[in-house]
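Worksheet: one structure, shown below.
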Amino acid sequence: MNASTYRVTGMTCGHCELSVREEVGGVPGIRSVDVDARSGTLVVTSDVPVDDALIVDAVGEAGYTAVRVA
């Protein structure tokens with residue numbers, strides 16, 4: 001199992017978290033998505049390695065900016 005952590009900017013509420021969760025959850029191979037607007041973090045778990053660009057693009061589709069931190 002692979003886990004990746006991203007810093008997401010622009011999130012301020014539960015609706016923001018839901019938007020990011022829905023977009024990132026649609027990326028093939030994603031098993032779980034944990035989003036926290038308060039800390040600005042996104043943790044993505046997958047069974048296989050997922051290209052960071054796919055995650056960053058999905059966050060962008062939700063209207064926010066993401067950068068991988070771990």
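Quick note on naming: the chains in the structure tokens go A, B, ... in the order shown, residues restart at 1 in each chain, and ligands are numbered from 1 in order of appearance.
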**OP:** Could you pull out the residues in chain A that DSSP calls alpha helix (DSSP H) from the backbone, as a PyMOL selection string?
**Re:** chain A and resi 14-25+52-61
Mind dumping the selected residues with N, CA and C atoms as a PDB file, in the first residue's frame?
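Saved to out_22.pdb:
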ATOM      1  N   GLY A  14     -15.736  22.372   5.423  1.00  0.00           N
ATOM      2  CA  GLY A  14     -16.112  21.002   5.095  1.00  0.00           C
ATOM      3  C   GLY A  14     -16.497  20.814   3.642  1.00  0.00           C
ATOM      4  N   HIS A  15     -17.104  21.825   3.044  1.00  0.00           N
ATOM      5  CA  HIS A  15     -17.458  21.735   1.629  1.00  0.00           C
ATOM      6  C   HIS A  15     -16.196  21.637   0.781  1.00  0.00           C
ATOM      7  N   CYS A  16     -15.174  22.381   1.160  1.00  0.00           N
ATOM      8  CA  CYS A  16     -13.889  22.312   0.452  1.00  0.00           C
ATOM      9  C   CYS A  16     -13.332  20.885   0.533  1.00  0.00           C
ATOM     10  N   GLU A  17     -13.374  20.310   1.734  1.00  0.00           N
ATOM     11  CA  GLU A  17     -12.887  18.949   1.923  1.00  0.00           C
ATOM     12  C   GLU A  17     -13.653  17.971   1.030  1.00  0.00           C
ATOM     13  N   LEU A  18     -14.960  18.125   0.986  1.00  0.00           N
ATOM     14  CA  LEU A  18     -15.794  17.243   0.173  1.00  0.00           C
ATOM     15  C   LEU A  18     -15.449  17.355  -1.310  1.00  0.00           C
ATOM     16  N   SER A  19     -15.249  18.565  -1.785  1.00  0.00           N
ATOM     17  CA  SER A  19     -14.894  18.777  -3.192  1.00  0.00           C
ATOM     18  C   SER A  19     -13.582  18.083  -3.541  1.00  0.00           C
ATOM     19  N   VAL A  20     -12.578  18.248  -2.678  1.00  0.00           N
ATOM     20  CA  VAL A  20     -11.277  17.618  -2.915  1.00  0.00           C
ATOM     21  C   VAL A  20     -11.418  16.099  -2.841  1.00  0.00           C
ATOM     22  N   ARG A  21     -12.130  15.613  -1.835  1.00  0.00           N
ATOM     23  CA  ARG A  21     -12.317  14.169  -1.661  1.00  0.00           C
ATOM     24  C   ARG A  21     -12.980  13.551  -2.894  1.00  0.00           C
ATOM     25  N   GLU A  22     -13.994  14.199  -3.418  1.00  0.00           N
ATOM     26  CA  GLU A  22     -14.695  13.662  -4.593  1.00  0.00           C
ATOM     27  C   GLU A  22     -13.796  13.620  -5.828  1.00  0.00           C
ATOM     28  N   GLU A  23     -13.060  14.699  -6.073  1.00  0.00           N
ATOM     29  CA  GLU A  23     -12.193  14.749  -7.260  1.00  0.00           C
ATOM     30  C   GLU A  23     -11.044  13.751  -7.159  1.00  0.00           C
ATOM     31  N   VAL A  24     -10.365  13.743  -6.022  1.00  0.00           N
ATOM     32  CA  VAL A  24      -9.216  12.842  -5.855  1.00  0.00           C
ATOM     33  C   VAL A  24      -9.679  11.393  -5.796  1.00  0.00           C
ATOM     34  N   GLY A  25     -10.826  11.156  -5.186  1.00  0.00           N
ATOM     35  CA  GLY A  25     -11.361   9.799  -5.116  1.00  0.00           C
ATOM     36  C   GLY A  25     -11.683   9.205  -6.472  1.00  0.00           C
ATOM     37  N   ASP A  52       1.842  11.664  -9.138  1.00  0.00           N
ATOM     38  CA  ASP A  52       1.510  12.884  -8.398  1.00  0.00           C
ATOM     39  C   ASP A  52       0.739  13.883  -9.255  1.00  0.00           C
ATOM     40  N   ALA A  53       1.044  13.949 -10.535  1.00  0.00           N
ATOM     41  CA  ALA A  53       0.371  14.903 -11.415  1.00  0.00           C
ATOM     42  C   ALA A  53      -1.130  14.645 -11.471  1.00  0.00           C
ATOM     43  N   LEU A  54      -1.538  13.384 -11.379  1.00  0.00           N
ATOM     44  CA  LEU A  54      -2.967  13.059 -11.396  1.00  0.00           C
ATOM     45  C   LEU A  54      -3.660  13.599 -10.145  1.00  0.00           C
ATOM     46  N   ILE A  55      -2.986  13.502  -9.008  1.00  0.00           N
ATOM     47  CA  ILE A  55      -3.548  14.005  -7.746  1.00  0.00           C
ATOM     48  C   ILE A  55      -3.603  15.525  -7.779  1.00  0.00           C
ATOM     49  N   VAL A  56      -2.515  16.149  -8.187  1.00  0.00           N
ATOM     50  CA  VAL A  56      -2.448  17.613  -8.252  1.00  0.00           C
ATOM     51  C   VAL A  56      -3.511  18.148  -9.214  1.00  0.00           C
ATOM     52  N   ASP A  57      -3.679  17.478 -10.355  1.00  0.00           N
ATOM     53  CA  ASP A  57      -4.703  17.896 -11.321  1.00  0.00           C
ATOM     54  C   ASP A  57      -6.104  17.750 -10.745  1.00  0.00           C
ATOM     55  N   ALA A  58      -6.357  16.661 -10.022  1.00  0.00           N
ATOM     56  CA  ALA A  58      -7.674  16.442  -9.423  1.00  0.00           C
ATOM     57  C   ALA A  58      -7.978  17.521  -8.386  1.00  0.00           C
ATOM     58  N   VAL A  59      -6.989  17.872  -7.581  1.00  0.00           N
ATOM     59  CA  VAL A  59      -7.169  18.944  -6.589  1.00  0.00           C
ATOM     60  C   VAL A  59      -7.449  20.253  -7.323  1.00  0.00           C
ATOM     61  N   GLY A  60      -6.759  20.485  -8.417  1.00  0.00           N
ATOM     62  CA  GLY A  60      -6.991  21.679  -9.226  1.00  0.00           C
ATOM     63  C   GLY A  60      -8.406  21.730  -9.776  1.00  0.00           C
ATOM     64  N   GLU A  61      -8.940  20.575 -10.177  1.00  0.00           N
ATOM     65  CA  GLU A  61     -10.317  20.503 -10.674  1.00  0.00           C
ATOM     66  C   GLU A  61     -11.307  20.911  -9.582  1.00  0.00           C
TER      67      GLU A  61
END
Original post:
Which residues, written as a PyMOL selection string, have at least one atom at most 12 Å from Thr45 (chain A), with only C-alpha atoms counted and residues fewer than 2 positions away on the same chain left out?
Top reply: chain A and resi 1-6+24-25+27-35+42-43+47-50+55
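For the residues A:Arg68, A:Arg7, A:Gly63, A:Asp51, ranking by smallest atom-to-atom distance to Ser39 (chain A) using only C-alpha atoms places A:Arg7 first.
Of note, CA of Thr12 (chain A) and CA of Ala37 (chain A) are spaced 5.5 Å apart.
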**OP:** Select from chain A everything DSSP, run on the backbone, classes as strand (DSSP E or B), then give the selection as a list in words.
**Re:**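 Answer for chain A restricted to strand (DSSP E or B) is Asn2, Ala3, Ser4, Thr5, Tyr6, Arg7, Val8, Thr9, Ile30, Arg31, Ser32, Val33, Asp34, Val35, Asp36, Thr41, Leu42, Val43, Val44, Thr45, Ser46, Thr65, Ala66, Val67 and Arg68 of chain A.
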Output file for the residues above (C-alpha atoms, as a CSV table (one decimal), in the first residue's frame):
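Output below, filename part.csv:
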chain,number,residue,atom,x,y,z
A,2,ASN,CA,1.3,3.5,-0.9
A,3,ALA,CA,0.5,6.7,1.0
A,4,SER,CA,1.2,10.2,-0.2
A,5,THR,CA,0.7,13.5,1.7
A,6,TYR,CA,0.0,16.8,0.0
A,7,ARG,CA,-0.3,20.4,1.2
A,8,VAL,CA,-3.5,21.9,-0.2
A,9,THR,CA,-4.0,25.7,-0.2
A,30,ILE,CA,-7.1,5.4,-5.1
A,31,ARG,CA,-8.1,3.4,-2.1
A,32,SER,CA,-8.8,6.2,0.5
A,33,VAL,CA,-8.7,10.0,0.7
A,34,ASP,CA,-8.2,11.9,4.0
A,35,VAL,CA,-8.6,15.7,3.7
A,36,ASP,CA,-8.3,18.2,6.5
A,41,THR,CA,-3.4,18.4,4.4
A,42,LEU,CA,-4.5,15.6,2.0
A,43,VAL,CA,-3.4,12.0,2.5
A,44,VAL,CA,-4.0,9.6,-0.4
A,45,THR,CA,-3.7,5.9,-0.1
A,46,SER,CA,-3.5,3.6,-3.1
A,65,THR,CA,-3.7,24.0,-5.3
A,66,ALA,CA,-1.7,20.9,-4.0
A,67,VAL,CA,2.0,20.2,-3.6
A,68,ARG,CA,3.3,16.8,-2.4
